[in-house]
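Novice: My structure file start-v8.tsv, TSV, C-alpha atoms and all ligand atoms, is below:
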```tsv
chain	number	residue	atom	x	y	z
A	1	MET	CA	11.98	29.42	-17.15
A	2	LYS	CA	8.85	29.70	-15.02
A	3	ALA	CA	7.38	26.27	-14.27
A	4	VAL	CA	3.89	25.52	-15.55
A	5	VAL	CA	1.17	25.45	-12.90
A	6	ILE	CA	-1.62	22.94	-13.40
A	7	GLU	CA	-4.92	24.26	-12.10
A	8	PRO	CA	-7.68	22.31	-10.29
A	9	GLY	CA	-10.14	20.73	-12.72
A	10	SER	CA	-7.26	19.14	-14.68
A	11	VAL	CA	-6.59	15.40	-14.82
A	12	LEU	CA	-3.48	14.07	-13.07
A	13	GLY	CA	-2.05	10.67	-13.99
A	14	VAL	CA	-0.69	8.23	-11.44
A	15	LEU	CA	1.27	5.11	-12.36
A	16	GLY	CA	0.58	2.35	-9.85
A	17	GLY	CA	-2.70	1.96	-8.03
A	18	GLY	CA	-1.83	0.47	-4.64
A	19	GLN	CA	-2.70	2.15	-1.35
A	20	LEU	CA	-0.22	4.97	-2.01
A	21	GLY	CA	-1.87	5.66	-5.37
A	22	ALA	CA	-5.29	5.54	-3.68
A	23	MET	CA	-4.26	8.06	-1.01
A	24	PHE	CA	-2.77	10.31	-3.70
A	25	THR	CA	-6.05	10.09	-5.64
A	26	MET	CA	-8.11	11.07	-2.60
A	27	ALA	CA	-5.79	14.02	-1.86
A	28	ALA	CA	-6.01	15.15	-5.50
A	29	HIS	CA	-9.82	15.05	-5.34
A	30	CYS	CA	-9.76	17.22	-2.22
A	31	LEU	CA	-7.84	19.85	-4.19
A	32	GLY	CA	-10.28	19.67	-7.10
A	33	TYR	CA	-8.32	17.51	-9.55
A	34	HIS	CA	-9.43	14.41	-11.42
A	35	VAL	CA	-7.15	11.38	-11.49
A	36	ALA	CA	-6.35	8.76	-14.13
A	37	VAL	CA	-4.98	5.60	-12.49
A	38	TRP	CA	-2.87	3.22	-14.55
A	39	ASP	CA	-2.28	-0.13	-12.86
A	40	PRO	CA	-2.44	-3.52	-14.60
A	41	ASP	CA	-4.26	-5.05	-11.61
A	42	PRO	CA	-8.02	-4.33	-11.94
A	43	GLU	CA	-8.35	-4.85	-8.18
A	44	ALA	CA	-5.67	-2.32	-7.25
A	45	PRO	CA	-7.17	-0.06	-4.53
A	46	ALA	CA	-6.75	3.26	-6.39
A	47	HIS	CA	-9.06	2.21	-9.23
A	48	ARG	CA	-11.97	2.58	-6.78
A	49	PHE	CA	-11.33	6.33	-6.54
A	50	ALA	CA	-10.21	7.02	-10.10
A	51	THR	CA	-12.06	9.24	-12.55
A	52	HIS	CA	-10.34	7.29	-15.35
A	53	SER	CA	-9.06	3.75	-14.83
A	54	PHE	CA	-6.52	1.93	-16.99
A	55	PRO	CA	-6.24	-1.69	-15.75
A	56	VAL	CA	-3.89	-2.70	-18.57
A	57	PRO	CA	-0.21	-3.69	-18.83
A	58	PHE	CA	2.34	-0.84	-18.71
A	59	THR	CA	3.60	-1.98	-22.12
A	60	ASP	CA	0.34	-1.09	-23.95
A	61	GLN	CA	1.31	1.58	-26.53
A	62	ASP	CA	-2.31	2.58	-27.36
A	63	ILE	CA	-3.04	3.24	-23.72
A	64	LEU	CA	0.17	5.24	-23.45
A	65	GLU	CA	-1.19	7.52	-26.18
A	66	ARG	CA	-4.61	7.85	-24.53
A	67	PHE	CA	-3.15	8.37	-21.06
A	68	ALA	CA	-0.69	11.01	-22.29
A	69	ASN	CA	-3.48	12.89	-24.10
A	70	LEU	CA	-5.76	12.80	-21.09
A	71	VAL	CA	-3.49	13.93	-18.26
A	72	SER	CA	-1.78	17.26	-17.56
A	73	ALA	CA	1.01	15.78	-15.43
A	74	VAL	CA	2.12	12.38	-14.19
A	75	THR	CA	3.40	11.01	-10.90
A	76	TYR	CA	3.93	7.49	-9.58
A	77	GLU	CA	3.38	5.62	-6.37
A	78	TRP	CA	6.37	3.30	-6.38
A	79	GLU	CA	9.84	3.11	-7.85
A	80	ASN	CA	9.48	-0.19	-9.65
A	81	ILE	CA	7.31	1.11	-12.48
A	82	PRO	CA	9.14	0.97	-15.84
A	83	ALA	CA	11.53	3.94	-16.26
A	84	LYS	CA	11.05	3.58	-20.05
A	85	LEU	CA	7.33	4.32	-19.68
A	86	CYS	CA	8.16	7.41	-17.62
A	87	ARG	CA	10.66	8.56	-20.25
A	88	GLU	CA	8.06	8.17	-23.00
A	89	LEU	CA	5.38	10.02	-21.04
A	90	GLU	CA	7.90	12.75	-20.22
A	91	GLN	CA	8.21	13.54	-23.96
A	92	ARG	CA	4.59	14.65	-23.74
A	93	LYS	CA	3.77	15.79	-20.21
A	94	PRO	CA	5.65	16.71	-17.01
A	95	VAL	CA	6.54	13.64	-14.92
A	96	ARG	CA	7.34	14.34	-11.27
A	97	PRO	CA	9.78	13.14	-10.01
A	98	SER	CA	11.49	12.98	-13.42
A	99	SER	CA	12.42	9.76	-15.20
A	100	ALA	CA	16.11	10.62	-14.68
A	101	VAL	CA	15.58	10.70	-10.91
A	102	LEU	CA	13.57	7.48	-11.08
A	103	SER	CA	16.36	5.73	-13.01
A	104	VAL	CA	18.92	6.61	-10.34
A	105	ILE	CA	16.67	5.53	-7.50
A	106	GLN	CA	15.12	2.33	-8.86
A	107	ASP	CA	18.45	0.56	-9.15
A	108	ARG	CA	20.06	0.06	-5.72
A	109	LEU	CA	23.57	0.06	-7.21
A	110	GLU	CA	22.96	3.31	-9.11
A	111	GLN	CA	21.38	4.86	-6.04
A	112	LYS	CA	24.16	3.90	-3.62
A	113	GLY	CA	26.76	4.89	-6.24
A	114	PHE	CA	25.11	8.30	-6.61
A	115	LEU	CA	25.03	8.82	-2.83
A	116	ALA	CA	28.60	7.62	-2.23
A	117	SER	CA	30.08	9.63	-5.11
A	118	ASN	CA	28.43	12.78	-3.74
A	119	GLY	CA	29.88	12.21	-0.29
A	120	PHE	CA	26.64	11.16	1.42
A	121	PRO	CA	26.99	8.53	4.18
A	122	VAL	CA	26.03	4.97	3.16
A	123	PRO	CA	27.03	1.51	4.44
A	124	PRO	CA	30.03	-0.07	2.66
A	125	PHE	CA	28.75	-1.84	-0.48
A	126	ALA	CA	29.96	-3.69	-3.57
A	127	SER	CA	28.35	-4.91	-6.77
A	128	LEU	CA	27.86	-8.50	-7.82
A	129	THR	CA	27.20	-9.58	-11.40
A	130	ALA	CA	27.53	-13.38	-11.14
A	131	PRO	CA	26.65	-15.74	-8.28
A	132	ASP	CA	30.09	-17.38	-8.30
A	133	GLN	CA	31.71	-14.03	-7.35
A	134	LEU	CA	29.79	-13.93	-4.09
A	135	ALA	CA	32.60	-15.00	-1.71
A	136	THR	CA	35.05	-12.44	-3.19
A	137	THR	CA	32.47	-9.66	-3.11
A	138	VAL	CA	31.38	-10.30	0.47
A	139	ARG	CA	35.03	-10.23	1.53
A	140	GLN	CA	35.23	-6.64	0.19
A	141	VAL	CA	32.53	-5.39	2.59
A	142	GLY	CA	33.11	-7.90	5.41
A	143	TYR	CA	30.88	-10.27	7.38
A	144	PRO	CA	28.02	-10.09	8.26
A	145	ALA	CA	26.58	-8.81	4.99
A	146	LEU	CA	23.25	-8.40	3.25
A	147	LEU	CA	22.74	-9.28	-0.38
A	148	LYS	CA	19.94	-7.51	-2.28
A	149	THR	CA	18.77	-7.65	-5.88
A	150	ALA	CA	19.77	-4.38	-7.59
A	151	THR	CA	16.26	-3.87	-8.91
A	152	ALA	CA	12.69	-4.81	-8.04
A	153	GLY	CA	13.16	-5.73	-4.36
A	154	TYR	CA	11.01	-4.15	-1.64
A	155	ASP	CA	9.89	-4.87	1.93
A	156	GLY	CA	12.87	-7.16	2.41
A	157	LYS	CA	12.02	-9.23	-0.72
A	158	GLY	CA	15.01	-10.36	-2.76
A	159	GLN	CA	17.35	-10.15	0.25
A	160	TRP	CA	19.69	-12.70	1.84
A	161	ARG	CA	21.62	-12.31	5.06
A	162	ILE	CA	25.13	-13.75	5.06
A	163	HIS	CA	26.36	-14.13	8.63
A	164	ARG	CA	29.60	-16.00	7.98
A	165	GLU	CA	31.70	-17.58	5.26
A	166	SER	CA	29.87	-20.91	5.60
A	167	ASP	CA	26.59	-19.23	4.47
A	168	VAL	CA	28.05	-18.24	1.10
A	169	ARG	CA	27.53	-21.62	-0.60
A	170	GLU	CA	23.84	-21.79	0.23
A	171	VAL	CA	23.14	-18.20	-0.88
A	172	GLU	CA	25.17	-18.78	-4.05
A	173	ARG	CA	22.98	-21.79	-4.84
A	174	ALA	CA	19.80	-19.75	-4.23
A	175	LEU	CA	21.11	-17.01	-6.55
A	176	SER	CA	22.08	-19.46	-9.28
A	177	GLY	CA	18.57	-20.92	-9.16
A	178	SER	CA	16.84	-17.54	-9.58
A	179	ALA	CA	19.39	-15.58	-11.66
A	180	ARG	CA	18.42	-14.24	-15.07
A	181	PRO	CA	20.88	-12.96	-17.72
A	182	GLY	CA	22.15	-9.48	-16.90
A	183	MET	CA	20.96	-9.63	-13.30
A	184	ARG	CA	22.97	-7.66	-10.71
A	185	TRP	CA	23.01	-7.58	-6.93
A	186	ILE	CA	24.34	-5.29	-4.24
A	187	VAL	CA	26.24	-6.65	-1.27
A	188	GLU	CA	26.07	-4.36	1.75
A	189	SER	CA	27.78	-4.51	5.08
A	190	PHE	CA	25.18	-5.46	7.71
A	191	VAL	CA	24.80	-2.32	9.82
A	192	PRO	CA	24.56	-2.84	13.61
A	193	PHE	CA	22.20	0.12	13.89
A	194	GLU	CA	20.78	1.39	17.16
A	195	ARG	CA	17.52	2.37	15.51
A	196	GLU	CA	15.91	2.97	12.13
A	197	LEU	CA	14.67	6.43	11.26
A	198	SER	CA	13.05	8.08	8.28
A	199	ILE	CA	12.39	11.59	7.13
A	200	LEU	CA	10.14	13.00	4.42
A	201	VAL	CA	11.39	15.84	2.28
A	202	VAL	CA	9.32	17.72	-0.27
A	203	ARG	CA	10.89	19.76	-3.06
A	204	GLY	CA	9.12	21.96	-5.57
A	205	SER	CA	10.15	22.78	-9.14
A	206	ASP	CA	11.46	26.17	-7.91
A	207	GLY	CA	13.94	24.38	-5.64
A	208	GLN	CA	12.08	25.28	-2.43
A	209	SER	CA	11.98	22.40	0.02
A	210	CYS	CA	10.59	21.45	3.39
A	211	THR	CA	10.95	18.48	5.70
A	212	TYR	CA	8.66	16.63	8.10
A	213	PRO	CA	9.58	15.61	11.65
A	214	LEU	CA	12.00	12.71	12.08
A	215	ALA	CA	10.21	9.36	12.51
A	216	GLU	CA	11.45	6.24	14.30
A	217	ASN	CA	10.57	2.92	12.67
A	218	GLU	CA	10.41	-0.70	13.74
A	219	HIS	CA	10.45	-3.47	11.17
A	220	GLU	CA	9.45	-7.12	11.41
A	221	GLU	CA	10.85	-9.51	8.79
A	222	GLY	CA	11.92	-6.55	6.66
A	223	ILE	CA	8.43	-4.96	6.71
A	224	LEU	CA	7.59	-1.73	8.49
A	225	ARG	CA	5.51	-2.47	11.58
A	226	THR	CA	5.33	0.79	13.57
A	227	THR	CA	6.34	4.41	13.19
A	228	LYS	CA	6.68	6.84	16.10
A	229	VAL	CA	6.62	10.59	15.54
A	230	PRO	CA	8.42	12.63	16.63
A	231	ALA	CA	11.33	10.22	17.06
A	232	PRO	CA	12.12	10.27	20.80
A	233	GLU	CA	15.20	12.15	22.14
A	234	SER	CA	16.32	13.34	18.79
A	235	SER	CA	16.59	17.12	18.37
A	236	VAL	CA	20.25	17.11	17.24
A	237	VAL	CA	19.80	13.99	15.11
A	238	ALA	CA	16.58	15.42	13.66
A	239	GLU	CA	18.39	18.55	12.52
A	240	ARG	CA	21.13	16.50	10.91
A	241	ALA	CA	18.63	14.21	9.21
A	242	ALA	CA	16.67	17.18	7.84
A	243	ALA	CA	19.82	18.82	6.47
A	244	LEU	CA	20.93	15.54	4.90
A	245	ALA	CA	17.52	14.96	3.32
A	246	ARG	CA	17.44	18.43	1.76
A	247	GLN	CA	21.01	18.08	0.45
A	248	VAL	CA	20.34	14.69	-1.13
A	249	VAL	CA	17.17	15.82	-2.91
A	250	ASP	CA	18.79	19.11	-3.99
A	251	ARG	CA	21.70	17.12	-5.46
A	252	LEU	CA	19.23	14.86	-7.27
A	253	GLU	CA	17.32	17.96	-8.43
A	254	GLY	CA	14.23	15.97	-7.46
A	255	VAL	CA	10.76	17.46	-7.66
A	256	GLY	CA	8.21	15.69	-5.52
A	257	VAL	CA	7.95	13.89	-2.20
A	258	PHE	CA	10.93	11.82	-1.09
A	259	CYS	CA	11.68	9.73	1.95
A	260	LEU	CA	15.14	8.96	3.29
A	261	GLU	CA	15.38	5.72	5.27
A	262	LEU	CA	18.21	6.02	7.76
A	263	PHE	CA	20.20	3.89	10.20
A	264	GLN	CA	21.35	5.58	13.41
A	265	LEU	CA	24.53	4.07	14.84
A	266	SER	CA	25.36	4.05	18.57
A	267	SER	CA	27.79	6.94	17.90
A	268	GLY	CA	24.81	8.99	16.67
A	269	GLU	CA	26.11	8.86	13.09
A	270	LEU	CA	23.46	8.50	10.36
A	271	LEU	CA	23.77	6.24	7.30
A	272	ILE	CA	21.33	6.33	4.40
A	273	ASN	CA	19.69	2.96	3.73
A	274	GLU	CA	17.62	4.11	0.79
A	275	ILE	CA	15.66	6.91	-0.84
A	276	ALA	CA	12.05	6.52	-1.96
A	277	PRO	CA	10.96	8.96	-4.73
A	278	ARG	CA	7.36	9.04	-3.46
A	279	PRO	CA	5.26	9.18	-0.29
A	280	HIS	CA	6.30	6.47	2.15
A	281	ASN	CA	4.58	4.08	4.52
A	282	SER	CA	6.40	5.72	7.45
A	283	GLY	CA	4.75	9.00	6.41
A	284	HIS	CA	1.16	7.77	6.67
A	285	TYR	CA	0.86	9.49	10.05
A	286	THR	CA	0.86	12.81	8.13
A	287	LEU	CA	-2.73	12.06	7.02
A	288	ASP	CA	-4.04	12.40	10.57
A	289	ALA	CA	-1.32	14.21	12.53
A	290	CYS	CA	-0.13	17.01	10.23
A	291	SER	CA	-1.38	20.27	8.76
A	292	VAL	CA	-0.74	18.86	5.29
A	293	SER	CA	-0.27	15.20	4.35
A	294	GLN	CA	2.52	13.72	2.25
A	295	PHE	CA	-0.10	12.94	-0.42
A	296	GLU	CA	-1.32	16.53	-0.62
A	297	GLN	CA	2.33	17.54	-1.02
A	298	GLN	CA	2.60	15.05	-3.89
A	299	VAL	CA	-0.38	16.73	-5.56
A	300	ARG	CA	1.14	20.17	-4.95
A	301	THR	CA	4.56	19.25	-6.36
A	302	THR	CA	3.04	17.42	-9.34
A	303	THR	CA	0.94	20.46	-10.24
A	304	GLY	CA	3.54	23.15	-9.51
A	305	MET	CA	1.47	24.57	-6.64
A	306	PRO	CA	3.25	26.02	-3.58
A	307	LEU	CA	4.38	23.52	-0.94
A	308	GLY	CA	2.17	23.19	2.12
A	309	GLU	CA	3.46	24.48	5.47
A	310	VAL	CA	4.30	21.43	7.56
A	311	ARG	CA	3.14	21.36	11.15
A	312	LEU	CA	2.89	18.33	13.41
A	313	LEU	CA	-0.45	18.76	15.18
A	314	SER	CA	-0.10	15.77	17.47
A	315	PRO	CA	2.41	13.08	18.40
A	316	ALA	CA	1.47	9.90	16.59
A	317	VAL	CA	2.16	6.18	16.42
A	318	MET	CA	1.31	4.34	13.21
A	319	VAL	CA	0.79	0.57	13.26
A	320	ASN	CA	0.63	-1.34	9.98
A	321	LEU	CA	-2.00	-4.03	9.52
A	322	ILE	CA	-0.16	-6.85	7.79
A	323	GLY	CA	-1.62	-10.08	6.39
A	324	GLY	CA	-3.98	-11.75	8.87
A	325	ASP	CA	-4.11	-8.64	11.14
A	326	ALA	CA	-6.94	-7.34	9.01
A	327	ALA	CA	-8.91	-10.60	9.38
A	328	THR	CA	-8.41	-10.54	13.17
A	329	LEU	CA	-9.59	-6.96	13.24
A	330	MET	CA	-12.71	-7.67	11.22
A	331	LYS	CA	-13.69	-10.62	13.42
A	332	GLY	CA	-16.43	-10.15	16.00
A	333	ALA	CA	-16.25	-6.77	17.68
A	334	GLY	CA	-12.60	-6.19	16.69
A	335	CYS	CA	-13.23	-3.04	14.71
A	336	ARG	CA	-15.55	-1.52	17.30
A	337	THR	CA	-13.03	-2.27	20.07
A	338	LEU	CA	-10.30	-0.58	18.04
A	339	LEU	CA	-12.33	2.49	17.21
A	340	ASP	CA	-13.14	2.84	20.92
A	341	ILE	CA	-9.44	3.36	21.75
A	342	PRO	CA	-8.97	7.13	22.16
A	343	GLY	CA	-7.12	8.73	19.26
A	344	ALA	CA	-7.30	5.67	16.97
A	345	VAL	CA	-7.78	6.42	13.25
A	346	LEU	CA	-8.33	3.37	11.03
A	347	HIS	CA	-7.39	3.13	7.35
A	348	LEU	CA	-8.28	-0.09	5.53
A	349	TYR	CA	-7.08	-0.29	1.94
A	350	GLY	CA	-9.95	-2.38	0.57
A	351	LYS	CA	-7.75	-5.22	-0.72
A	352	ARG	CA	-9.83	-8.32	-1.24
A	353	ALA	CA	-7.20	-11.03	-0.92
A	354	ILE	CA	-5.49	-11.30	2.45
A	355	ARG	CA	-1.98	-12.70	1.96
A	356	PRO	CA	0.88	-13.12	4.42
A	357	ARG	CA	3.16	-10.02	4.43
A	358	ARG	CA	0.59	-7.98	2.46
A	359	LYS	CA	-0.10	-4.49	3.78
A	360	MET	CA	-3.87	-4.41	4.34
A	361	GLY	CA	-4.24	-1.12	6.22
A	362	HIS	CA	-2.86	0.92	9.08
A	363	VAL	CA	-3.99	2.57	12.28
A	364	THR	CA	-2.71	5.91	13.52
A	365	PHE	CA	-2.87	6.58	17.25
A	366	LEU	CA	-2.88	10.27	18.14
A	367	GLY	CA	-2.14	11.31	21.72
A	368	GLU	CA	-1.46	14.43	23.75
A	369	THR	CA	1.99	12.97	24.33
A	370	LEU	CA	3.92	10.29	22.48
A	371	SER	CA	3.75	8.14	25.58
A	372	VAL	CA	-0.09	8.21	25.53
A	373	ALA	CA	-0.11	7.32	21.81
A	374	LEU	CA	2.37	4.50	22.48
A	375	ASP	CA	0.21	3.09	25.30
A	376	HIS	CA	-2.82	3.03	23.02
A	377	ALA	CA	-0.84	1.44	20.19
A	378	LYS	CA	0.42	-1.22	22.60
A	379	GLN	CA	-3.11	-1.93	23.83
A	380	PHE	CA	-4.12	-2.44	20.21
A	381	ARG	CA	-1.14	-4.63	19.31
A	382	ASP	CA	-1.64	-6.79	22.40
A	383	GLY	CA	-5.27	-7.23	21.39
A	384	LEU	CA	-4.21	-8.13	17.87
A	385	ALA	CA	-1.71	-10.69	19.13
A	386	ASN	CA	-4.26	-12.27	21.47
A	387	GLY	CA	-7.13	-12.16	18.98
A	388	PRO	CA	-9.98	-12.63	21.45
A	389	ALA	CA	-9.28	-9.37	23.31
A	390	LEU	CA	-10.10	-7.48	20.12
A	391	SER	CA	-13.12	-9.53	19.20
A	392	ALA	CA	-14.59	-9.72	22.74
B	1	LIG	P1	15.27	-2.34	2.38
B	1	LIG	O1	14.34	-3.15	1.51
B	1	LIG	O2	16.61	-2.11	1.82
B	1	LIG	O3	14.63	-1.07	2.89
B	1	LIG	O4	15.48	-3.23	3.69
B	1	LIG	C1	14.42	-3.61	4.55
B	1	LIG	C2	14.93	-3.67	5.97
B	1	LIG	O5	16.05	-4.58	6.06
B	1	LIG	C3	15.49	-2.36	6.52
B	1	LIG	O6	14.47	-1.53	7.00
B	1	LIG	C4	16.39	-2.85	7.63
B	1	LIG	O7	15.64	-3.26	8.76
B	1	LIG	C5	17.01	-4.09	7.01
B	1	LIG	N1	18.27	-3.73	6.32
B	1	LIG	C6	18.40	-3.34	5.03
B	1	LIG	N2	19.69	-3.09	4.72
B	1	LIG	C7	20.40	-3.30	5.84
B	1	LIG	C8	21.79	-3.23	6.19
B	1	LIG	N3	22.72	-2.88	5.28
B	1	LIG	N4	22.14	-3.53	7.46
B	1	LIG	C9	21.22	-3.89	8.39
B	1	LIG	N5	19.89	-4.01	8.12
B	1	LIG	C10	19.48	-3.73	6.88
```
Show me this structure written as structure tokens.
Ligand code: AMP
Specialist:
Amino acid sequence: MKAVVIEPGSVLGVLGGGQLGAMFTMAAHCLGYHVAVWDPDPEAPAHRFATHSFPVPFTDQDILERFANLVSAVTYEWENIPAKLCRELEQRKPVRPSSAVLSVIQDRLEQKGFLASNGFPVPPFASLTAPDQLATTVRQVGYPALLKTATAGYDGKGQWRIHRESDVREVERALSGSARPGMRWIVESFVPFERELSILVVRGSDGQSCTYPLAENEHEEGILRTTKVPAPESSVVAERAAALARQVVDRLEGVGVFCLELFQLSSGELLINEIAPRPHNSGHYTLDACSVSQFEQQVRTTTGMPLGEVRLLSPAVMVNLIGGDAATLMKGAGCRTLLDIPGAVLHLYGKRAIRPRRKMGHVTFLGETLSVALDHAKQFRDGLANGPALSA
């Protein structure tokens, strides 16, 4: 059956209105679409750009009716939106990626089970359904291990590191204090990776797919801090990562933009940490450094338009602005000093409340070479760390 193509002028629905939803909305406007944003938080950044805003809980059945009538297709900006809502919307309009794909991905145990049972490389893992089984479960994967909630965790939230047997008691107590009936966790072997990588893959409803260059990521306290593209010294690894990404999304029969987060071991072997069924923070560089951004690809796959040809126009380093970084930047001449650094492109998300660990914006440094972009990113980060240098 030929897939339906949704023409410009139509209204697209996006569930979730954070910065990813906002960047999707802007990309949709560029291609001539209108966007209806549904996010319970009236201050969510995407509402500012929406043609139609729904700042109401995802459980509101009247809004579901109105939203479904209004939009021609639906996408989402993060995996923790209710799968039930997606299933209900899918009865009425195309949802991309589908609710079936979302259900596999939004539960870490389902996701890892899917990957492992299809022969894709993942760290050893086991499931936990009651805190008092922790010691037995960790023994299955070995020490050190990482415990994660099966659902709803992100940016390192809902994670505990278990270095040795003597840590088990304390983590067990923490779990017992926060556990709700039916809660599940995944225990993973702690991977001694050499570096963290990610790769974006885009797949259309006709099964065509394309990948972006391999990116190298650094995290701080479980949150992405910087992304370098293209990942240095990586042509063989990049080919393997691209093949893996295509195979995983083909197997999922996913339609949309996906990101595979990967661990590279010292042997060169790649393990999949997780799949995101949406544009990813490590893909923000595509806005400034590529022929077509990950958000435009999300619009194209949601509407059934052809995929955009991916070309990296410049090496790039993306630096996230987290928590107080944004305040430091806005102080004195901070912003002017930043914008004076060659190749710096600033994106502030317009979030009013600055909170620790909250992603407030990002800066992409473009350079003729990766080394130039890295120097400029370092100059910026040093300034951020020393405060006064940026606000001089
Ligand atoms: P996640 O929320 O699963 O993406 O985890 C956030 C970060 O925690 C990752 O980017 C890694 O830096 C780290 N991490 C997650 N899982 C593992 C693991 N099994 N072994 C080592 N580090 C991990």
Novice: At most 10 Å is the cut-off: for each residue in chain A with any atom that close to an atom of ligand LIG 1 (chain B), write down the nearest atom pair and the distance in Å rounded to one decimal, counting all atoms listed in the file, chain first then increasing number, as a tab-separated table.
Specialist:
```
residue	atom	partner	partner_atom	distance
A:Arg108	CA	B:LIG1	O2	8.6
A:Val122	CA	B:LIG1	N3	8.8
A:Pro123	CA	B:LIG1	N3	6.2
A:Pro124	CA	B:LIG1	N3	8.3
A:Phe125	CA	B:LIG1	N3	8.4
A:Pro144	CA	B:LIG1	N4	8.8
A:Ala145	CA	B:LIG1	N3	7.1
A:Leu146	CA	B:LIG1	N3	5.9
A:Leu147	CA	B:LIG1	N3	8.5
A:Lys148	CA	B:LIG1	O2	7.6
A:Thr149	CA	B:LIG1	O1	9.7
A:Ala152	CA	B:LIG1	O1	9.8
A:Gly153	CA	B:LIG1	O1	6.5
A:Tyr154	CA	B:LIG1	O1	4.7
A:Asp155	CA	B:LIG1	O1	4.8
A:Gly156	CA	B:LIG1	O1	4.4
A:Lys157	CA	B:LIG1	O1	6.9
A:Gly158	CA	B:LIG1	O1	8.4
A:Gln159	CA	B:LIG1	O1	7.7
A:Trp160	CA	B:LIG1	O5	9.8
A:Arg161	CA	B:LIG1	N5	9.0
A:Ile186	CA	B:LIG1	N3	10.0
A:Val187	CA	B:LIG1	N3	8.3
A:Glu188	CA	B:LIG1	N3	5.1
A:Ser189	CA	B:LIG1	N3	5.3
A:Phe190	CA	B:LIG1	N4	3.6
A:Val191	CA	B:LIG1	N4	3.8
A:Pro192	CA	B:LIG1	C9	6.3
A:Phe193	CA	B:LIG1	C9	6.9
A:Arg195	CA	B:LIG1	O7	9.0
A:Glu196	CA	B:LIG1	O6	7.0
A:Leu197	CA	B:LIG1	O6	9.0
A:Ser198	CA	B:LIG1	O6	9.8
A:Asn217	CA	B:LIG1	O6	8.2
A:Glu218	CA	B:LIG1	O7	7.7
A:His219	CA	B:LIG1	O7	5.7
A:Glu220	CA	B:LIG1	O7	7.8
A:Glu221	CA	B:LIG1	C2	7.7
A:Gly222	CA	B:LIG1	C2	4.2
A:Ile223	CA	B:LIG1	C1	6.5
A:Leu224	CA	B:LIG1	O6	7.0
A:Glu261	CA	B:LIG1	O3	7.2
A:Leu262	CA	B:LIG1	O6	8.5
A:Phe263	CA	B:LIG1	C9	8.1
A:Leu271	CA	B:LIG1	N3	9.4
A:Ile272	CA	B:LIG1	N3	9.4
A:Asn273	CA	B:LIG1	N2	6.1
A:Glu274	CA	B:LIG1	O3	6.3
A:Ile275	CA	B:LIG1	O3	8.9
A:Ala276	CA	B:LIG1	O3	9.4
```
Novice: Can you tell me, as a VMD selection string, which residues sit within 10 Å of (-6.1, 11.9, 8.9) in the file's frame, using all atoms listed in the file?
Specialist: chain A and resid 284 to 293 345 to 347 364 366
Novice: List as a list in words the protein and nucleic acid residues near Cys210 in chain A, meaning an atom at most 7 Å away when all atoms listed in the file are counted, but skip any in the same chain fewer than 5 places from it.
Specialist: Val201, Val202 and Arg203 of chain A
Novice: Check the smallest atom-to-atom distance from each of A:Glu239, A:Pro213, A:His29, A:Glu253 to Val101 in chain A using all atoms listed in the file, then report the winner.
Specialist: A:Glu253
Novice: With all atoms listed in the file as the atoms that count, which of A:Asp325, A:Glu7, A:Glu194, A:Asp62 lies nearest to Asn386 in chain A?
Specialist: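 Answer, going by the shortest atom-to-atom distance: A:Asp325.
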Novice: Hey, what's within 8 Å of Val71 in chain A if we count only C-alpha atoms and toss same-chain stuff fewer than 4 positions away? As an MDAnalysis selection string, please?
Specialist: chainID A and resid 10:13 36 67 93
Novice: For the atom pair CA of Val37 in chain A and CA of Ile81 in chain A, what is the interatomic distance in Å to one decimal place?
Specialist: 13.1 Å
Novice: Here's a test: counting only C-alpha atoms, identify every protein, DNA and RNA residue with an atom at most 12 Å from (7.4, 8.8, -25.6) in the file's coordinate frame, and state them as a PyMOL selection string.
Specialist: chain A and resi 59+61-65+67-69+83-95+99
Novice: Mind pulling up the distance from CA of Asn281 in chain A to CA of Ala344 in chain A?
Specialist: 17.3 Å
Novice: In Å, how far is it from CA of Thr25 in chain A to CA of Arg48 in chain A?
Specialist: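 So the answer is 9.6 Å.
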